[in-house]
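Peer 1: My structure is in model-v2.txt, and what it holds is compact mmCIF, C-alpha atoms (C1' of nucleotides):
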```
# COMPACT_ATOMS: atom_id res chain seq x y z
CA MET A 1 59.07 -7.63 70.31
CA THR A 2 57.86 -11.06 69.29
CA GLN A 3 58.10 -12.49 65.80
CA ASP A 4 55.24 -10.70 64.11
CA LYS A 5 54.59 -13.18 61.31
CA SER A 6 53.05 -16.06 63.18
CA ALA A 7 52.80 -14.87 66.76
CA LYS A 8 50.76 -11.76 66.03
CA LYS A 9 47.20 -12.15 67.18
CA ASP A 10 44.62 -10.17 65.25
CA ASP A 11 43.04 -8.10 67.98
CA PHE A 12 41.48 -5.66 65.55
CA ASP A 13 37.69 -5.80 65.44
CA LEU A 14 35.97 -4.53 62.34
CA GLN A 15 32.73 -4.12 64.23
CA GLU A 16 34.38 -1.57 66.51
CA PHE A 17 35.97 0.44 63.72
CA LEU A 18 34.34 3.85 63.89
CA PRO A 19 34.03 4.60 60.16
CA TYR A 20 32.43 1.19 59.69
CA LEU A 21 30.11 1.61 62.66
CA LEU A 22 29.16 5.10 61.56
CA ASN A 23 28.33 3.95 58.07
CA ARG A 24 26.30 1.01 59.28
CA ALA A 25 24.38 3.19 61.72
CA ALA A 26 23.83 5.87 59.08
CA GLU A 27 22.57 3.40 56.50
CA GLU A 28 20.31 1.64 58.93
CA SER A 29 18.87 4.83 60.36
CA SER A 30 18.25 6.28 56.92
CA LEU A 31 16.23 3.38 55.60
CA GLU A 32 12.93 4.16 57.23
CA PHE A 33 12.92 7.84 56.34
CA GLN A 34 14.15 7.06 52.84
CA GLN A 35 11.17 4.81 52.34
CA VAL A 36 8.87 7.77 52.91
CA TYR A 37 10.44 10.41 50.68
CA LYS A 38 11.11 7.81 48.01
CA ASP A 39 7.76 6.06 47.95
CA ARG A 40 5.61 9.06 48.73
CA TYR A 41 7.36 11.66 46.56
CA GLY A 42 9.81 9.76 44.36
CA MET A 43 12.68 11.78 45.75
CA LEU A 44 16.34 10.92 46.05
CA ARG A 45 18.59 11.56 49.03
CA THR A 46 20.08 14.71 47.60
CA GLU A 47 16.64 15.97 46.69
CA TRP A 48 15.15 15.80 50.15
CA ARG A 49 18.29 17.40 51.50
CA VAL A 50 17.95 20.33 49.13
CA LEU A 51 14.25 20.58 49.86
CA PHE A 52 14.93 20.58 53.60
CA HIS A 53 17.61 23.22 53.33
CA LEU A 54 15.24 25.55 51.56
CA GLY A 55 12.34 24.67 53.81
CA ASN A 56 14.30 24.94 56.97
CA TYR A 57 16.57 27.90 56.26
CA GLY A 58 14.67 29.76 53.55
CA GLU A 59 15.89 31.28 50.31
CA MET A 60 19.35 30.19 49.34
CA THR A 61 21.60 29.68 46.32
CA ALA A 62 22.70 26.31 44.99
CA LYS A 63 26.21 27.10 46.07
CA GLU A 64 25.17 27.79 49.65
CA ILE A 65 23.25 24.56 49.81
CA GLY A 66 26.28 22.68 48.55
CA GLU A 67 28.53 24.25 51.16
CA ARG A 68 26.19 23.75 54.06
CA ALA A 69 25.26 20.20 53.19
CA LYS A 70 28.64 19.22 51.74
CA ILE A 71 27.06 18.14 48.48
CA HIS A 72 28.95 18.52 45.23
CA LYS A 73 27.64 21.22 42.92
CA THR A 74 26.76 18.79 40.14
CA LYS A 75 24.58 16.82 42.52
CA VAL A 76 22.95 20.00 43.78
CA SER A 77 22.40 21.15 40.21
CA ARG A 78 20.63 17.94 39.26
CA ALA A 79 18.55 17.89 42.42
CA VAL A 80 17.48 21.49 41.85
CA SER A 81 16.47 20.68 38.28
CA LYS A 82 14.37 17.78 39.38
CA LEU A 83 12.70 19.72 42.18
CA GLU A 84 12.01 22.51 39.71
CA GLN A 85 10.46 20.09 37.22
CA ARG A 86 8.14 18.89 39.94
CA ARG A 87 7.31 22.52 40.75
CA TYR A 88 8.63 22.20 44.30
CA LEU A 89 11.00 25.13 43.92
CA ALA A 90 11.46 28.27 41.84
CA ARG A 91 14.62 29.96 40.63
CA ASN A 92 15.17 33.69 40.71
CA ARG A 93 18.10 35.24 38.92
CA ASP A 94 19.92 37.57 41.24
CA THR A 95 19.75 41.02 39.63
CA SER A 96 23.05 42.19 41.02
CA ASP A 97 24.91 39.05 39.91
CA ARG A 98 23.29 37.22 37.07
CA ARG A 99 25.32 34.06 37.57
CA VAL A 100 23.49 33.47 40.81
CA GLU A 101 20.06 31.95 41.30
CA GLN A 102 18.10 32.44 44.47
CA LEU A 103 16.08 29.34 45.18
CA THR A 104 12.82 29.20 47.09
CA LEU A 105 10.19 26.58 47.69
CA THR A 106 6.88 26.99 45.92
CA SER A 107 3.79 26.50 48.02
CA ALA A 108 3.64 22.93 46.70
CA GLY A 109 7.24 22.49 47.84
CA GLN A 110 6.42 23.89 51.25
CA THR A 111 3.57 21.46 51.59
CA VAL A 112 5.85 18.56 50.81
CA TYR A 113 8.46 19.94 53.18
CA ARG A 114 5.98 20.26 56.01
CA ASP A 115 4.74 16.73 55.46
CA LEU A 116 8.23 15.26 55.43
CA ARG A 117 9.27 17.39 58.37
CA LEU A 118 6.56 15.78 60.45
CA VAL A 119 7.81 12.36 59.44
CA ALA A 120 11.38 13.41 60.22
CA GLU A 121 10.46 14.71 63.64
CA ALA A 122 8.59 11.58 64.56
CA TYR A 123 11.39 9.39 63.29
CA ASP A 124 14.04 11.37 65.09
CA SER A 125 12.12 11.00 68.33
CA LYS A 126 11.91 7.29 67.76
CA LEU A 127 15.64 7.00 67.22
CA ALA A 128 16.50 9.28 70.13
CA GLY A 129 14.16 7.18 72.25
CA LEU A 130 16.68 4.37 72.10
CA PHE A 131 18.76 6.38 74.56
CA SER A 132 18.40 8.49 77.63
CA ARG A 133 17.94 12.21 77.13
CA ASP A 134 21.54 12.92 78.11
CA GLU A 135 22.92 10.17 75.95
CA ALA A 136 20.98 11.38 72.91
CA LYS A 137 22.25 14.89 73.47
CA LEU A 138 25.80 13.66 73.78
CA LEU A 139 25.39 11.52 70.67
CA ARG A 140 24.37 14.52 68.59
CA LYS A 141 27.26 16.50 69.96
CA MET A 142 29.75 13.78 69.12
CA LEU A 143 28.33 13.34 65.63
CA ARG A 144 28.58 17.08 65.00
CA ARG A 145 32.18 16.93 66.08
CA LEU A 146 32.93 14.02 63.76
CA ALA A 147 31.16 15.77 60.91
CA HIS A 148 33.04 19.02 61.55
CA MET A 149 29.71 20.75 62.04
CA ASP A 150 30.61 22.49 65.25
CA MET B 1 -4.70 24.60 69.21
CA THR B 2 -3.63 27.71 67.28
CA GLN B 3 -4.13 28.15 63.56
CA ASP B 4 -1.37 26.04 62.18
CA LYS B 5 -1.03 27.67 58.78
CA SER B 6 0.58 30.99 59.67
CA ALA B 7 1.23 30.76 63.39
CA LYS B 8 3.34 27.63 63.28
CA LYS B 9 6.99 28.39 63.87
CA ASP B 10 9.47 26.04 62.24
CA ASP B 11 11.38 24.75 65.23
CA PHE B 12 12.75 21.77 63.37
CA ASP B 13 16.51 21.85 62.88
CA LEU B 14 17.94 19.81 60.05
CA GLN B 15 21.36 19.87 61.66
CA GLU B 16 19.99 18.00 64.66
CA PHE B 17 18.17 15.36 62.65
CA LEU B 18 19.86 12.09 63.53
CA PRO B 19 19.83 10.41 60.11
CA TYR B 20 21.32 13.57 58.62
CA LEU B 21 23.92 13.89 61.36
CA LEU B 22 24.82 10.23 61.12
CA ASN B 23 25.29 10.43 57.37
CA ARG B 24 27.37 13.56 57.59
CA ALA B 25 29.56 12.05 60.29
CA ALA B 26 29.88 8.77 58.39
CA GLU B 27 30.85 10.50 55.15
CA GLU B 28 33.32 12.78 56.82
CA SER B 29 34.93 10.04 58.85
CA SER B 30 35.22 7.74 55.85
CA LEU B 31 37.09 10.19 53.66
CA GLU B 32 40.54 9.81 55.12
CA PHE B 33 40.49 6.02 55.21
CA GLN B 34 38.95 5.89 51.74
CA GLN B 35 41.86 7.88 50.42
CA VAL B 36 44.21 5.15 51.53
CA TYR B 37 42.49 2.04 50.22
CA LYS B 38 41.54 3.86 47.04
CA ASP B 39 44.86 5.49 46.23
CA ARG B 40 47.10 2.75 47.55
CA TYR B 41 45.18 -0.29 46.29
CA GLY B 42 42.54 1.01 43.88
CA MET B 43 39.81 -0.53 46.01
CA LEU B 44 36.19 0.42 46.43
CA ARG B 45 34.24 0.63 49.65
CA THR B 46 32.64 -2.77 49.23
CA GLU B 47 35.99 -4.27 48.36
CA TRP B 48 37.80 -3.25 51.52
CA ARG B 49 34.80 -4.38 53.52
CA VAL B 50 34.93 -7.83 51.97
CA LEU B 51 38.69 -7.93 52.41
CA PHE B 52 38.36 -6.97 56.05
CA HIS B 53 35.69 -9.52 56.72
CA LEU B 54 37.89 -12.29 55.42
CA GLY B 55 40.99 -10.90 57.08
CA ASN B 56 39.33 -10.31 60.37
CA TYR B 57 37.02 -13.30 60.65
CA GLY B 58 38.67 -15.86 58.37
CA GLU B 59 37.14 -18.14 55.74
CA MET B 60 33.61 -17.25 54.85
CA THR B 61 31.09 -17.51 52.01
CA ALA B 62 29.84 -14.59 49.95
CA LYS B 63 26.45 -14.99 51.52
CA GLU B 64 27.82 -14.78 55.05
CA ILE B 65 29.73 -11.63 54.19
CA GLY B 66 26.59 -10.08 52.77
CA GLU B 67 24.61 -10.90 55.88
CA ARG B 68 27.21 -9.72 58.34
CA ALA B 69 28.02 -6.51 56.51
CA LYS B 70 24.53 -5.88 55.15
CA ILE B 71 25.80 -5.71 51.60
CA HIS B 72 23.63 -6.86 48.72
CA LYS B 73 24.71 -10.08 47.08
CA THR B 74 25.34 -8.47 43.70
CA LYS B 75 27.72 -6.01 45.29
CA VAL B 76 29.47 -8.78 47.17
CA SER B 77 29.69 -10.86 44.01
CA ARG B 78 31.35 -8.06 42.07
CA ALA B 79 33.70 -7.18 44.91
CA VAL B 80 34.74 -10.83 45.22
CA SER B 81 35.43 -11.00 41.48
CA LYS B 82 37.61 -7.95 41.60
CA LEU B 83 39.52 -9.14 44.65
CA GLU B 84 40.01 -12.48 42.95
CA GLN B 85 41.31 -10.81 39.78
CA ARG B 86 43.87 -8.99 41.88
CA ARG B 87 44.78 -12.30 43.52
CA TYR B 88 43.80 -11.05 46.97
CA LEU B 89 41.42 -13.93 47.57
CA ALA B 90 40.79 -17.50 46.42
CA ARG B 91 37.54 -19.37 45.98
CA ASN B 92 37.01 -22.95 47.06
CA ARG B 93 33.92 -24.85 46.01
CA ASP B 94 32.32 -26.45 48.99
CA THR B 95 32.36 -30.20 48.34
CA SER B 96 29.19 -30.91 50.27
CA ASP B 97 27.21 -28.12 48.55
CA ARG B 98 28.57 -27.14 45.20
CA ARG B 99 26.59 -23.90 45.01
CA VAL B 100 28.71 -22.52 47.83
CA GLU B 101 32.18 -21.03 47.61
CA GLN B 102 34.42 -20.73 50.63
CA LEU B 103 36.48 -17.58 50.31
CA THR B 104 39.89 -17.01 51.83
CA LEU B 105 42.56 -14.36 51.50
CA THR B 106 45.70 -15.28 49.60
CA SER B 107 48.97 -14.31 51.22
CA ALA B 108 48.98 -11.23 49.00
CA GLY B 109 45.51 -10.43 50.31
CA GLN B 110 46.65 -10.93 53.88
CA THR B 111 49.50 -8.54 53.32
CA VAL B 112 47.14 -5.89 52.02
CA TYR B 113 44.77 -6.56 54.88
CA ARG B 114 47.51 -6.18 57.46
CA ASP B 115 48.66 -2.93 55.91
CA LEU B 116 45.17 -1.47 55.82
CA ARG B 117 44.43 -2.75 59.29
CA LEU B 118 47.31 -0.69 60.63
CA VAL B 119 45.94 2.36 58.89
CA ALA B 120 42.47 1.61 60.24
CA GLU B 121 43.73 1.21 63.78
CA ALA B 122 45.64 4.46 63.68
CA TYR B 123 42.72 6.29 62.15
CA ASP B 124 40.27 4.87 64.65
CA SER B 125 42.49 6.03 67.48
CA LYS B 126 42.61 9.47 65.96
CA LEU B 127 38.82 9.66 65.73
CA ALA B 128 38.28 8.22 69.20
CA GLY B 129 40.79 10.78 70.44
CA LEU B 130 38.24 13.48 69.84
CA PHE B 131 36.43 12.19 72.91
CA SER B 132 37.11 10.93 76.38
CA ARG B 133 37.58 7.20 76.80
CA ASP B 134 34.10 6.83 78.28
CA GLU B 135 32.48 8.94 75.63
CA ALA B 136 34.13 6.97 72.84
CA LYS B 137 32.98 3.74 74.41
CA LEU B 138 29.44 5.05 74.73
CA LEU B 139 29.52 6.31 71.15
CA ARG B 140 30.37 2.87 69.82
CA LYS B 141 27.66 1.34 71.93
CA MET B 142 25.08 3.80 70.65
CA LEU B 143 26.14 3.29 67.05
CA ARG B 144 25.88 -0.45 67.44
CA ARG B 145 22.39 0.00 68.78
CA LEU B 146 21.38 2.22 65.88
CA ALA B 147 22.89 -0.24 63.41
CA HIS B 148 21.11 -3.17 65.05
CA MET B 149 24.50 -4.77 65.63
CA ASP B 150 23.94 -5.61 69.26
C1' DG C 1 12.43 -40.20 41.56
C1' DA C 2 9.85 -36.51 38.96
C1' DG C 3 8.34 -32.05 39.69
C1' DT C 4 8.38 -27.85 42.28
C1' DA C 5 10.39 -24.70 45.27
C1' DA C 6 14.36 -22.64 47.41
C1' DT C 7 19.24 -21.12 47.59
C1' DA C 8 24.16 -19.32 46.15
C1' DG C 9 25.90 -16.71 43.13
C1' DT C 10 26.20 -14.20 38.41
C1' DT C 11 24.87 -11.25 34.63
C1' DG C 12 22.50 -7.48 32.11
C1' DA C 13 19.73 -3.30 31.81
C1' DT C 14 18.71 0.99 34.04
C1' DT C 15 19.60 4.63 37.26
C1' DT C 16 22.62 7.38 39.89
C1' DT C 17 27.03 9.19 40.95
C1' DG C 18 31.63 11.12 40.07
C1' DT C 19 34.99 13.58 37.18
C1' DA C 20 36.17 16.83 33.94
C1' DA C 21 35.27 19.97 30.67
C1' DC C 22 32.26 23.49 29.50
C1' DT C 23 29.30 28.22 29.29
C1' DA C 24 28.11 32.55 31.03
C1' DA C 25 28.88 36.25 34.00
C1' DC C 26 31.71 38.97 36.86
C1' DA C 27 36.37 40.88 38.87
C1' DA C 28 41.01 42.67 38.76
C1' DG C 29 45.07 44.56 36.76
C1' DC C 30 47.03 47.29 33.83
C1' DG D 1 38.54 48.63 27.76
C1' DC D 2 40.79 44.35 27.05
C1' DT D 3 43.28 40.35 28.65
C1' DT D 4 43.46 37.03 32.60
C1' DG D 5 41.47 34.83 36.32
C1' DT D 6 37.57 33.47 39.14
C1' DT D 7 32.94 32.00 40.18
C1' DA D 8 27.92 29.87 39.59
C1' DG D 9 25.99 26.58 37.47
C1' DT D 10 25.37 22.95 33.56
C1' DT D 11 26.47 19.17 30.59
C1' DA D 12 28.86 14.99 28.79
C1' DC D 13 31.07 10.88 29.61
C1' DA D 14 32.79 7.19 32.60
C1' DA D 15 32.27 4.58 36.86
C1' DA D 16 29.38 2.48 40.16
C1' DA D 17 25.01 1.17 42.42
C1' DT D 18 20.45 -0.80 41.97
C1' DC D 19 17.02 -4.05 40.45
C1' DA D 20 15.40 -7.90 37.92
C1' DA D 21 16.16 -11.85 35.54
C1' DC D 22 19.12 -15.69 35.02
C1' DT D 23 22.06 -20.39 35.88
C1' DA D 24 23.32 -24.09 38.60
C1' DT D 25 22.63 -26.78 42.46
C1' DT D 26 20.20 -28.59 46.42
C1' DA D 27 15.88 -29.54 49.25
C1' DC D 28 11.19 -30.79 49.63
C1' DT D 29 6.95 -33.28 48.47
C1' DC D 30 4.15 -36.53 46.73
```
Please express the file's structure as structure tokens.
Peer 2:
Amino acid sequence: MTQDKSAKKDDFDLQEFLPYLLNRAAEESSLEFQQVYKDRYGMLRTEWRVLFHLGNYGEMTAKEIGERAKIHKTKVSRAVSKLEQRRYLARNRDTSDRRVEQLTLTSAGQTVYRDLRLVAEAYDSKLAGLFSRDEAKLLRKMLRRLAHMD
Amino acid sequence: MTQDKSAKKDDFDLQEFLPYLLNRAAEESSLEFQQVYKDRYGMLRTEWRVLFHLGNYGEMTAKEIGERAKIHKTKVSRAVSKLEQRRYLARNRDTSDRRVEQLTLTSAGQTVYRDLRLVAEAYDSKLAGLFSRDEAKLLRKMLRRLAHMD
DNA sequence: GAGTAATAGTTGATTTTGTAACTAACAAGC
DNA sequence: GCTTGTTAGTTACAAAATCAACTATTACTC
């Protein structure tokens, strides 16, 4: 127990702090993909996420998308509106519960999805290529754990 | 080469897409720490980052902080103003180049930094505790690689 | 050393996000 | 069947992020 005021050495390292590292890695690794969906389709982050949820998992409600992707309902609502304006998705009132809207991609939306999916796949391979196959697998597993997605 | 229109199966999985996983993990793992600096000190993300840079690395200019942390200069500028208002940091005009301001934490700022650093250390340990020591070490290494911090 | 370019940092306008309050539809209790 | 509560989704307003233009100072060039 030394005097903590002057004798304490600062052995903390911001660059090792996991939340900081995770954010830096996330931002950096989003840039290149962002460029594509932004420049090519004028989409925002939430918009491609909604598009991908519908493209990848099929028909779904706004609420389900929000829960799966952990996006707040107001953000989902706005993204859905914008994607609808651009005719990338269509809403269908659920007949048994008229509060609910089933969302599906239009064929234009599917085309966009398929295009972006190709970009995503290529980019993911590029990122994963920074590591060995086992390391990449472990990385995904650890990220899922951190994100409570397992 | 099969007909790609109908025969193509969608084997892409959004939940395995690294930029998506990284963002989800980053958001999730920031929440708990955010709660502290936000509720306890009314700070924003950029503000604690600036505070930590000064606390952890010592005197620095706004430009250096921006480069190290990859934060845009307007964001740094506003964070510095707010931290100055709260008397957490002081500016010193560089005598040899009067465009430049050397920034340092005041003793109040150091106190806040030390408090938050303790929280950060504890939280980092908690997160790292989800993995083995080797895994955690590898995780940080991989994140640094992805963030171009190596 | 006057003129032009570059740099550190700030400010203002626009866009995007976050928070809370809202509407419309359904559910439950009695 | 009517009050009370809950849920899906939207809207309005405030807070924050982004982008471009700006000031002040220094560096470069002739």
Peer 1: Compute the set of chain A residues within 10 Å of chain D, using only C-alpha atoms (C1' of nucleotides), and express it as a list in words.
Peer 2: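 Here is what falls inside 10 Å: Thr61, Ala62, Lys63, Lys73, Thr74, Val76, Ser77, Arg78, Asp97, Arg98, Arg99, Val100 and Glu101 of chain A.
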Peer 1: Least-squares superpose chain B on chain A across all ordered C-alpha pairs, then write out what you get as a compact mmCIF listing (two decimals) with C-alpha atoms, keeping the file's coordinate frame.
Peer 2:
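Contents of selection39.txt, as written:
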```
# COMPACT_ATOMS: atom_id res chain seq x y z
CA MET B 1 59.39 -7.23 70.20
CA THR B 2 58.17 -10.71 69.25
CA GLN B 3 58.31 -12.10 65.73
CA ASP B 4 55.41 -10.37 64.13
CA LYS B 5 54.76 -12.81 61.31
CA SER B 6 53.27 -15.77 63.17
CA ALA B 7 52.99 -14.58 66.75
CA LYS B 8 50.84 -11.55 66.05
CA LYS B 9 47.28 -12.08 67.16
CA ASP B 10 44.63 -10.19 65.23
CA ASP B 11 43.00 -8.15 67.96
CA PHE B 12 41.43 -5.72 65.54
CA ASP B 13 37.64 -5.87 65.45
CA LEU B 14 35.92 -4.60 62.34
CA GLN B 15 32.68 -4.19 64.24
CA GLU B 16 34.31 -1.64 66.51
CA PHE B 17 35.90 0.37 63.73
CA LEU B 18 34.27 3.79 63.90
CA PRO B 19 33.96 4.53 60.18
CA TYR B 20 32.36 1.12 59.70
CA LEU B 21 30.04 1.55 62.66
CA LEU B 22 29.09 5.04 61.58
CA ASN B 23 28.26 3.90 58.07
CA ARG B 24 26.24 0.96 59.28
CA ALA B 25 24.31 3.14 61.71
CA ALA B 26 23.77 5.83 59.07
CA GLU B 27 22.51 3.35 56.49
CA GLU B 28 20.23 1.61 58.92
CA SER B 29 18.80 4.80 60.32
CA SER B 30 18.20 6.26 56.88
CA LEU B 31 16.15 3.36 55.58
CA GLU B 32 12.85 4.16 57.22
CA PHE B 33 12.88 7.84 56.33
CA GLN B 34 14.07 7.06 52.81
CA GLN B 35 11.07 4.84 52.33
CA VAL B 36 8.81 7.80 52.92
CA TYR B 37 10.36 10.44 50.70
CA LYS B 38 11.02 7.85 48.02
CA ASP B 39 7.65 6.12 47.97
CA ARG B 40 5.52 9.14 48.76
CA TYR B 41 7.28 11.73 46.58
CA GLY B 42 9.69 9.82 44.34
CA MET B 43 12.60 11.81 45.73
CA LEU B 44 16.25 10.94 46.03
CA ARG B 45 18.50 11.53 49.00
CA THR B 46 20.02 14.69 47.57
CA GLU B 47 16.59 15.97 46.67
CA TRP B 48 15.10 15.82 50.14
CA ARG B 49 18.27 17.37 51.49
CA VAL B 50 17.96 20.31 49.13
CA LEU B 51 14.26 20.58 49.89
CA PHE B 52 14.95 20.58 53.60
CA HIS B 53 17.65 23.17 53.34
CA LEU B 54 15.30 25.55 51.59
CA GLY B 55 12.39 24.68 53.84
CA ASN B 56 14.37 24.93 56.99
CA TYR B 57 16.67 27.85 56.28
CA GLY B 58 14.78 29.77 53.59
CA GLU B 59 16.02 31.28 50.32
CA MET B 60 19.46 30.14 49.36
CA THR B 61 21.69 29.62 46.32
CA ALA B 62 22.76 26.25 44.96
CA LYS B 63 26.28 26.99 46.04
CA GLU B 64 25.26 27.71 49.62
CA ILE B 65 23.31 24.47 49.79
CA GLY B 66 26.31 22.57 48.52
CA GLU B 67 28.58 24.12 51.11
CA ARG B 68 26.24 23.65 54.03
CA ALA B 69 25.29 20.09 53.17
CA LYS B 70 28.64 19.08 51.68
CA ILE B 71 27.03 18.03 48.44
CA HIS B 72 28.90 18.37 45.16
CA LYS B 73 27.63 21.08 42.86
CA THR B 74 26.69 18.67 40.09
CA LYS B 75 24.50 16.73 42.47
CA VAL B 76 22.92 19.92 43.74
CA SER B 77 22.37 21.12 40.19
CA ARG B 78 20.56 17.95 39.20
CA ALA B 79 18.50 17.86 42.38
CA VAL B 80 17.46 21.48 41.85
CA SER B 81 16.41 20.70 38.27
CA LYS B 82 14.28 17.82 39.38
CA LEU B 83 12.67 19.78 42.19
CA GLU B 84 11.98 22.58 39.75
CA GLN B 85 10.40 20.17 37.25
CA ARG B 86 8.07 18.99 39.99
CA ARG B 87 7.29 22.62 40.80
CA TYR B 88 8.61 22.28 44.35
CA LEU B 89 11.01 25.18 43.96
CA ALA B 90 11.49 28.33 41.88
CA ARG B 91 14.67 29.98 40.66
CA ASN B 92 15.26 33.70 40.73
CA ARG B 93 18.22 35.22 38.94
CA ASP B 94 20.08 37.51 41.24
CA THR B 95 19.94 40.97 39.66
CA SER B 96 23.28 42.10 41.03
CA ASP B 97 25.11 38.93 39.90
CA ARG B 98 23.44 37.15 37.06
CA ARG B 99 25.43 33.94 37.51
CA VAL B 100 23.60 33.36 40.78
CA GLU B 101 20.14 31.91 41.29
CA GLN B 102 18.21 32.43 44.48
CA LEU B 103 16.16 29.34 45.18
CA THR B 104 12.92 29.23 47.12
CA LEU B 105 10.25 26.62 47.74
CA THR B 106 6.94 27.07 45.98
CA SER B 107 3.85 26.60 48.10
CA ALA B 108 3.65 23.06 46.75
CA GLY B 109 7.24 22.56 47.88
CA GLN B 110 6.45 23.98 51.30
CA THR B 111 3.58 21.57 51.65
CA VAL B 112 5.83 18.64 50.85
CA TYR B 113 8.46 19.98 53.20
CA ARG B 114 5.99 20.32 56.04
CA ASP B 115 4.72 16.80 55.49
CA LEU B 116 8.20 15.31 55.44
CA ARG B 117 9.26 17.42 58.38
CA LEU B 118 6.55 15.82 60.48
CA VAL B 119 7.77 12.40 59.45
CA ALA B 120 11.35 13.42 60.23
CA GLU B 121 10.43 14.73 63.65
CA ALA B 122 8.56 11.60 64.57
CA TYR B 123 11.33 9.39 63.29
CA ASP B 124 14.00 11.36 65.09
CA SER B 125 12.07 11.00 68.32
CA LYS B 126 11.84 7.29 67.75
CA LEU B 127 15.59 6.99 67.22
CA ALA B 128 16.45 9.26 70.13
CA GLY B 129 14.10 7.14 72.22
CA LEU B 130 16.61 4.34 72.09
CA PHE B 131 18.69 6.34 74.54
CA SER B 132 18.34 8.46 77.62
CA ARG B 133 17.88 12.18 77.11
CA ASP B 134 21.48 12.86 78.11
CA GLU B 135 22.86 10.12 75.94
CA ALA B 136 20.92 11.34 72.91
CA LYS B 137 22.19 14.84 73.49
CA LEU B 138 25.76 13.60 73.79
CA LEU B 139 25.34 11.47 70.68
CA ARG B 140 24.33 14.47 68.60
CA LYS B 141 27.22 16.45 69.97
CA MET B 142 29.69 13.70 69.13
CA LEU B 143 28.28 13.29 65.63
CA ARG B 144 28.54 17.00 65.03
CA ARG B 145 32.15 16.85 66.09
CA LEU B 146 32.89 13.95 63.78
CA ALA B 147 31.12 15.72 60.92
CA HIS B 148 33.03 18.94 61.57
CA MET B 149 29.69 20.69 62.05
CA ASP B 150 30.59 22.42 65.27
```
Peer 1: For atom CA of Tyr88 of chain A and atom C1' of DA24 of chain C, quote the distance in Å rounded to one decimal.
Peer 2: 25.7 Å
Peer 1: With all atoms listed in the file as the counted atoms, please give the residues lying no more than 7 Å from segment 36-48 of chain A, apart from itself and same-chain residues fewer than 4 positions off, as a ChimeraX atom specification.
Peer 2: /A:32,52,79
Peer 1: Enumerate as a list in words the residues belonging to chain A that approach chain B to within 6 Å, with only C-alpha atoms taken into account.
Peer 2: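 Therefore, the residues near the partner are Pro19, Leu22, Asn23, Arg24, Ala25, Ala26, Glu28, Ser29, Ser30, Leu143, Leu146 and Ala147 of chain A.
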Peer 1: Distance atom C1' of DA27 of chain C-atom CA of Ser96 of chain A, one decimal place?
Peer 2: 13.6 Å
Peer 1: Work out how far apart atom CA of Leu54 of chain B and atom CA of Leu103 of chain B are and give it in Å to one decimal.
Peer 2: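 Atom CA of Leu54 of chain B sits 7.5 Å away from atom CA of Leu103 of chain B.
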Peer 1: Show me a table, sorted first by chain and then by increasing residue number, of the residues of chain C having an atom at most 10 Å from chain A, each with its shortest atom pair and the distance in Å to one decimal, counting all atoms listed in the file and written as CSV.
Peer 2:
```
residue,atom,partner,partner_atom,distance
C:DT16,C1',A:Leu44,CA,9.5
C:DT17,C1',A:Lys75,CA,8.2
C:DG18,C1',A:Thr74,CA,9.1
C:DA24,C1',A:Arg99,CA,7.3
C:DA25,C1',A:Arg99,CA,5.5
C:DC26,C1',A:Asp97,CA,7.5
```
Peer 1: Return as AutoDock Vina command-line options the centre and edge lengths, in Å with one decimal, of the box along x, y and z that encloses every atom of segment 14-23 of chain C in the file, padded by 5 Å per side.
Peer 2:
```
--center_x 27.4 --center_y 14.6 --center_z 35.1 --size_x 27.5 --size_y 37.2 --size_z 21.7
```
Peer 1: May I have the residues within 9 Å of Leu83 of chain A as a list in words, using all atoms listed in the file and disregarding those fewer than 6 positions away in the same chain?
Peer 2: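 Selected residues are Met43, Glu47, Val50, Leu51, Leu89, Ala90 and Gly109 of chain A.
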Peer 1: Take the residues from that selection and put them in a file with C-alpha atoms, as a short mmCIF file (atom, residue, chain, number, x, y, z; two decimals), keeping the file's coordinate frame.
Peer 2:
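Produced file out17.cif, reproduced below:
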```
data_model
loop_
_atom_site.label_atom_id
_atom_site.label_comp_id
_atom_site.auth_asym_id
_atom_site.auth_seq_id
_atom_site.Cartn_x
_atom_site.Cartn_y
_atom_site.Cartn_z
CA MET A 43 12.68 11.78 45.75
CA GLU A 47 16.64 15.97 46.69
CA VAL A 50 17.95 20.33 49.13
CA LEU A 51 14.25 20.58 49.86
CA LEU A 89 11.00 25.13 43.92
CA ALA A 90 11.46 28.27 41.84
CA GLY A 109 7.24 22.49 47.84
#
```
